Amino acid sequence: MFKFNLQHFAAGDAVHTTDGMASNANGNVTPYGESGGLSAEMKTYYSDFLIDMAEPKLVHDQFGQKVPIPKNKGKVVEFRKYDPLPKMTTPLVEGVTPKGQKMDMGVITAEVKQYGGFIELSDVLLLTAIDNNLVQATKLLGGQAGRTLDTITREVLCGGTNVQFAEGQVASRSLLAGGNESGNHYLTVDGVRRAVRYLKKMNAETINGSYVGIIHPDTAYDLMSDPKWINVKTYSDPEGIYQGEIGKIENVRFVESSEAKVIHAEDLSAESRNLTVSSYSTLTSAGKATHGEGTLYKLVVEESLTEEDAARLVDAIIQLGVEDSIEVLSVAGVDVAGNALYLYEEPINTPSEGDILYPGEAGFKGCDVYATLIIGDNAYGTTEISGGGLQHIVKQLGSAGTADPLNQRATAGWSATKAAVRLVEPYMVRIETASTFGN
């Protein structure tokens, strides 16, 4: 990394100095022979640096079908896939040429959207700071861009329809348990094997000979203790290791990322994660007029609720713990003065004093749920960032004209156009589990 004076992009009338730079009357420094802008070489350097800083974060983009960002072609990108040819079980007739076949191509489109962020740098900071702040700003912006673009792809992938809850012991996310002495639903080799079986059954092709798993470090901890785990350090082909790869098991190569999806349940109140039922009743007619149409059901809790809690709980999903089973309930309204929650639907199991209400967005009793993606080839598509999808933007001091009359503000930022789409649902499985380290 070469040294670079941030005042290269300061504005002002320049006079030559003995160090090969140029200086103006107010102390701002500009490149020799230039009027204050970054040179083409410097712009290229910083653009490449931004992309280099972003790419290590793009774990979820690594294994998709990549399409360049279209230029002057509108906002829609096309991802193409070819349907497999049918079996030809009819014997050929001697001397007779059969009919030719056609390739059927499916096209899936996605609309690119724009994202970005910037950092404002003051003239005083640029004049007095010891560190090269443009380098540091670009590093931070690159990390932000990488995490942002990676999250966009991650959310698309985790919205897939093929979900497996641990080893298949439970039928919903809310039943996944963790942190108990027994009966926990952590990621196991059997869970991975079941996902691989499904991909094979769907004729999903491997990626370079193996399927790929994107895994969170907390989940990887549970899986790596299995004796079948093969550490990446023992690979015979170290040149072909993926960015972030940690090892493999059951012909799945795992890439670890702290950005892997975690479904986390927020605390139910500002003071506690759970609430305790004090009483339960059907709402009276007077209450219906106050809190909405139809029949509602009232749960009074022992904890004192605040206005902040009311905003948190309205439209929230909670779990009602009843004799080691759970029921997911929706909150229609909150009465802060009465410490009461109003429910849309009547609970199947009638609540009673002492029952516990848990956060309901995640696993059993609100434990974190981790999504591990097992992916085959061409399961999804994403846009490329190196072909114009991500750019680094620097605005020098005074470039805003009359909006910055004293040349006090410079900015460094990034802008990107991005799209991601699932192409073939059966080529991807999302395994949802708890973890030893989940809350």
# chains A, B, ... in the order shown; residues from 1 in each chain; ligands from 1
call {"tool": "select_by_dssp", "arguments": {"residues": "stretch 216-420 of chain A", "states": "helix (DSSP H, G or I)", "output": "VMD selection string"}}
result
chain A and resid 217 to 223 232 to 234 238 to 240 285 to 291 307 to 313 364 to 366 401 to 403
call {"tool": "write_last_selection", "arguments": {"atoms": "N, CA and C atoms", "output": "tab-separated table (two decimals), in the first residue's frame"}}
result
chain	number	residue	atom	x	y	z
A	217	PRO	N	-20.18	-19.46	12.95
A	217	PRO	CA	-19.18	-20.04	13.86
A	217	PRO	C	-19.80	-20.79	15.04
A	218	ASP	N	-20.91	-20.30	15.59
A	218	ASP	CA	-21.54	-21.00	16.71
A	218	ASP	C	-22.03	-22.38	16.30
A	219	THR	N	-22.58	-22.48	15.09
A	219	THR	CA	-23.07	-23.77	14.59
A	219	THR	C	-21.91	-24.67	14.20
A	220	ALA	N	-20.86	-24.08	13.62
A	220	ALA	CA	-19.69	-24.87	13.24
A	220	ALA	C	-19.07	-25.54	14.46
A	221	TYR	N	-19.11	-24.88	15.60
A	221	TYR	CA	-18.57	-25.46	16.83
A	221	TYR	C	-19.24	-26.79	17.16
A	222	ASP	N	-20.54	-26.86	16.99
A	222	ASP	CA	-21.27	-28.09	17.29
A	222	ASP	C	-20.95	-29.20	16.29
A	223	LEU	N	-20.75	-28.83	15.03
A	223	LEU	CA	-20.54	-29.83	13.99
A	223	LEU	C	-19.10	-30.35	13.96
A	232	VAL	N	-9.86	-28.17	7.09
A	232	VAL	CA	-9.35	-27.64	5.82
A	232	VAL	C	-7.83	-27.73	5.73
A	233	LYS	N	-7.15	-27.75	6.88
A	233	LYS	CA	-5.69	-27.81	6.87
A	233	LYS	C	-5.17	-29.13	6.33
A	234	THR	N	-6.03	-30.15	6.30
A	234	THR	CA	-5.58	-31.46	5.82
A	234	THR	C	-5.90	-31.69	4.35
A	238	PRO	N	-4.68	-27.38	-1.45
A	238	PRO	CA	-4.87	-26.11	-0.75
A	238	PRO	C	-5.14	-24.94	-1.68
A	239	GLU	N	-4.81	-25.08	-2.96
A	239	GLU	CA	-5.02	-23.99	-3.92
A	239	GLU	C	-6.50	-23.77	-4.20
A	240	GLY	N	-7.31	-24.82	-4.02
A	240	GLY	CA	-8.71	-24.70	-4.38
A	240	GLY	C	-9.63	-24.37	-3.21
A	285	SER	N	-67.18	-6.64	26.41
A	285	SER	CA	-67.66	-5.83	25.28
A	285	SER	C	-67.11	-4.42	25.34
A	286	ALA	N	-66.97	-3.86	26.54
A	286	ALA	CA	-66.40	-2.52	26.68
A	286	ALA	C	-64.95	-2.50	26.21
A	287	GLY	N	-64.24	-3.55	26.53
A	287	GLY	CA	-62.85	-3.64	26.10
A	287	GLY	C	-62.72	-3.78	24.61
A	288	LYS	N	-63.67	-4.49	23.99
A	288	LYS	CA	-63.64	-4.65	22.54
A	288	LYS	C	-63.73	-3.31	21.83
A	289	ALA	N	-64.58	-2.44	22.35
A	289	ALA	CA	-64.73	-1.14	21.71
A	289	ALA	C	-63.44	-0.34	21.80
A	290	THR	N	-62.69	-0.56	22.86
A	290	THR	CA	-61.45	0.19	23.07
A	290	THR	C	-60.30	-0.37	22.25
A	291	HIS	N	-60.23	-1.67	22.13
A	291	HIS	CA	-59.05	-2.30	21.56
A	291	HIS	C	-59.27	-2.93	20.18
A	307	GLU	N	-44.51	2.30	28.20
A	307	GLU	CA	-44.90	2.68	26.84
A	307	GLU	C	-43.92	2.09	25.83
A	308	GLU	N	-42.66	2.02	26.20
A	308	GLU	CA	-41.66	1.39	25.33
A	308	GLU	C	-41.99	-0.08	25.12
A	309	ASP	N	-42.41	-0.76	26.19
A	309	ASP	CA	-42.80	-2.16	26.08
A	309	ASP	C	-44.03	-2.31	25.19
A	310	ALA	N	-44.97	-1.37	25.29
A	310	ALA	CA	-46.18	-1.44	24.48
A	310	ALA	C	-45.83	-1.40	23.00
A	311	ALA	N	-44.93	-0.48	22.61
A	311	ALA	CA	-44.52	-0.40	21.21
A	311	ALA	C	-43.80	-1.67	20.78
A	312	ARG	N	-43.06	-2.27	21.70
A	312	ARG	CA	-42.32	-3.49	21.40
A	312	ARG	C	-43.25	-4.69	21.23
A	313	LEU	N	-44.33	-4.71	22.00
A	313	LEU	CA	-45.18	-5.90	22.05
A	313	LEU	C	-46.34	-5.90	21.05
A	364	PHE	N	-37.52	-22.59	20.73
A	364	PHE	CA	-38.24	-22.91	21.96
A	364	PHE	C	-37.73	-22.03	23.10
A	365	LYS	N	-38.66	-21.39	23.80
A	365	LYS	CA	-38.35	-20.47	24.88
A	365	LYS	C	-37.44	-19.32	24.42
A	366	GLY	N	-37.58	-18.97	23.14
A	366	GLY	CA	-36.87	-17.80	22.61
A	366	GLY	C	-35.42	-18.00	22.29
A	401	GLY	N	-19.48	23.41	-4.33
A	401	GLY	CA	-19.76	24.77	-4.79
A	401	GLY	C	-20.31	25.64	-3.67
A	402	THR	N	-21.40	26.34	-3.95
A	402	THR	CA	-21.97	27.26	-2.96
A	402	THR	C	-22.53	26.52	-1.76
A	403	ALA	N	-22.77	25.21	-1.86
A	403	ALA	CA	-23.23	24.44	-0.70
A	403	ALA	C	-22.10	24.23	0.32
call {"tool": "residues_around", "arguments": {"residues": "A:Tyr198", "least_positions_apart": "2", "cutoff": "10 Å", "atoms": "only C-alpha atoms", "output": "list in words"}}
result
Asn162, Arg193, Arg194, Ala195, Val196, Lys200, Lys201, Met202, Asn203, Ala204, Pro426, Tyr427, Met428 and Val429 of chain A
call {"tool": "residues_around", "arguments": {"residues": "A:Lys102", "least_positions_apart": "4", "cutoff": "12 Å", "atoms": "only C-alpha atoms", "output": "mmCIF file with C-alpha atoms, in the first residue's frame"}}
result
data_model
loop_
_atom_site.group_PDB
_atom_site.id
_atom_site.type_symbol
_atom_site.label_atom_id
_atom_site.label_comp_id
_atom_site.auth_asym_id
_atom_site.auth_seq_id
_atom_site.Cartn_x
_atom_site.Cartn_y
_atom_site.Cartn_z
ATOM 1 C CA TYR A 82 -31.847 -24.991 -19.248
ATOM 2 C CA ASP A 83 -34.371 -27.718 -18.544
ATOM 3 C CA PRO A 84 -32.986 -31.289 -18.598
ATOM 4 C CA LEU A 85 -33.802 -33.380 -21.646
ATOM 5 C CA PRO A 86 -36.288 -36.245 -21.163
#
call {"tool": "closest_residue", "arguments": {"among": "A:Gly360, A:Gly333, A:Gly213, A:Gly398", "to": "A:His60", "atoms": "only C-alpha atoms"}}
result
A:Gly213
call {"tool": "residues_around", "arguments": {"residues": "stretch 138-151 of chain A", "least_positions_apart": "5", "cutoff": "7 Å", "atoms": "only C-alpha atoms", "output": "list in words"}}
result
Leu50, Ile51, Met53, Ala54, Glu55, Lys57, Leu58, Val59, His60, Asp61, Gly413 and Trp414 of chain A
call {"tool": "closest_residue", "arguments": {"among": "A:Gly178, A:Gly363, A:Pro98, A:Pro91", "to": "A:Ser435", "atoms": "only C-alpha atoms"}}
result
A:Gly178
call {"tool": "residues_around", "arguments": {"residues": "A:Asp335", "least_positions_apart": "6", "cutoff": "9 Å", "atoms": "only C-alpha atoms", "output": "PDB file with N, CA and C atoms, in the first residue's frame"}}
result
ATOM      1  N   LEU A 305     -45.367  -2.963  32.774  1.00  0.00           N
ATOM      2  CA  LEU A 305     -45.095  -2.621  31.385  1.00  0.00           C
ATOM      3  C   LEU A 305     -45.000  -1.112  31.213  1.00  0.00           C
ATOM      4  N   ALA A 310     -44.968  -1.365  25.289  1.00  0.00           N
ATOM      5  CA  ALA A 310     -46.184  -1.435  24.478  1.00  0.00           C
ATOM      6  C   ALA A 310     -45.835  -1.396  23.003  1.00  0.00           C
ATOM      7  N   LEU A 341     -51.863  -7.825  28.037  1.00  0.00           N
ATOM      8  CA  LEU A 341     -51.695  -8.060  26.606  1.00  0.00           C
ATOM      9  C   LEU A 341     -53.022  -8.551  26.050  1.00  0.00           C
ATOM     10  N   TYR A 342     -53.390  -8.106  24.857  1.00  0.00           N
ATOM     11  CA  TYR A 342     -54.619  -8.553  24.207  1.00  0.00           C
ATOM     12  C   TYR A 342     -54.246  -9.389  22.990  1.00  0.00           C
TER      13      TYR A 342
END
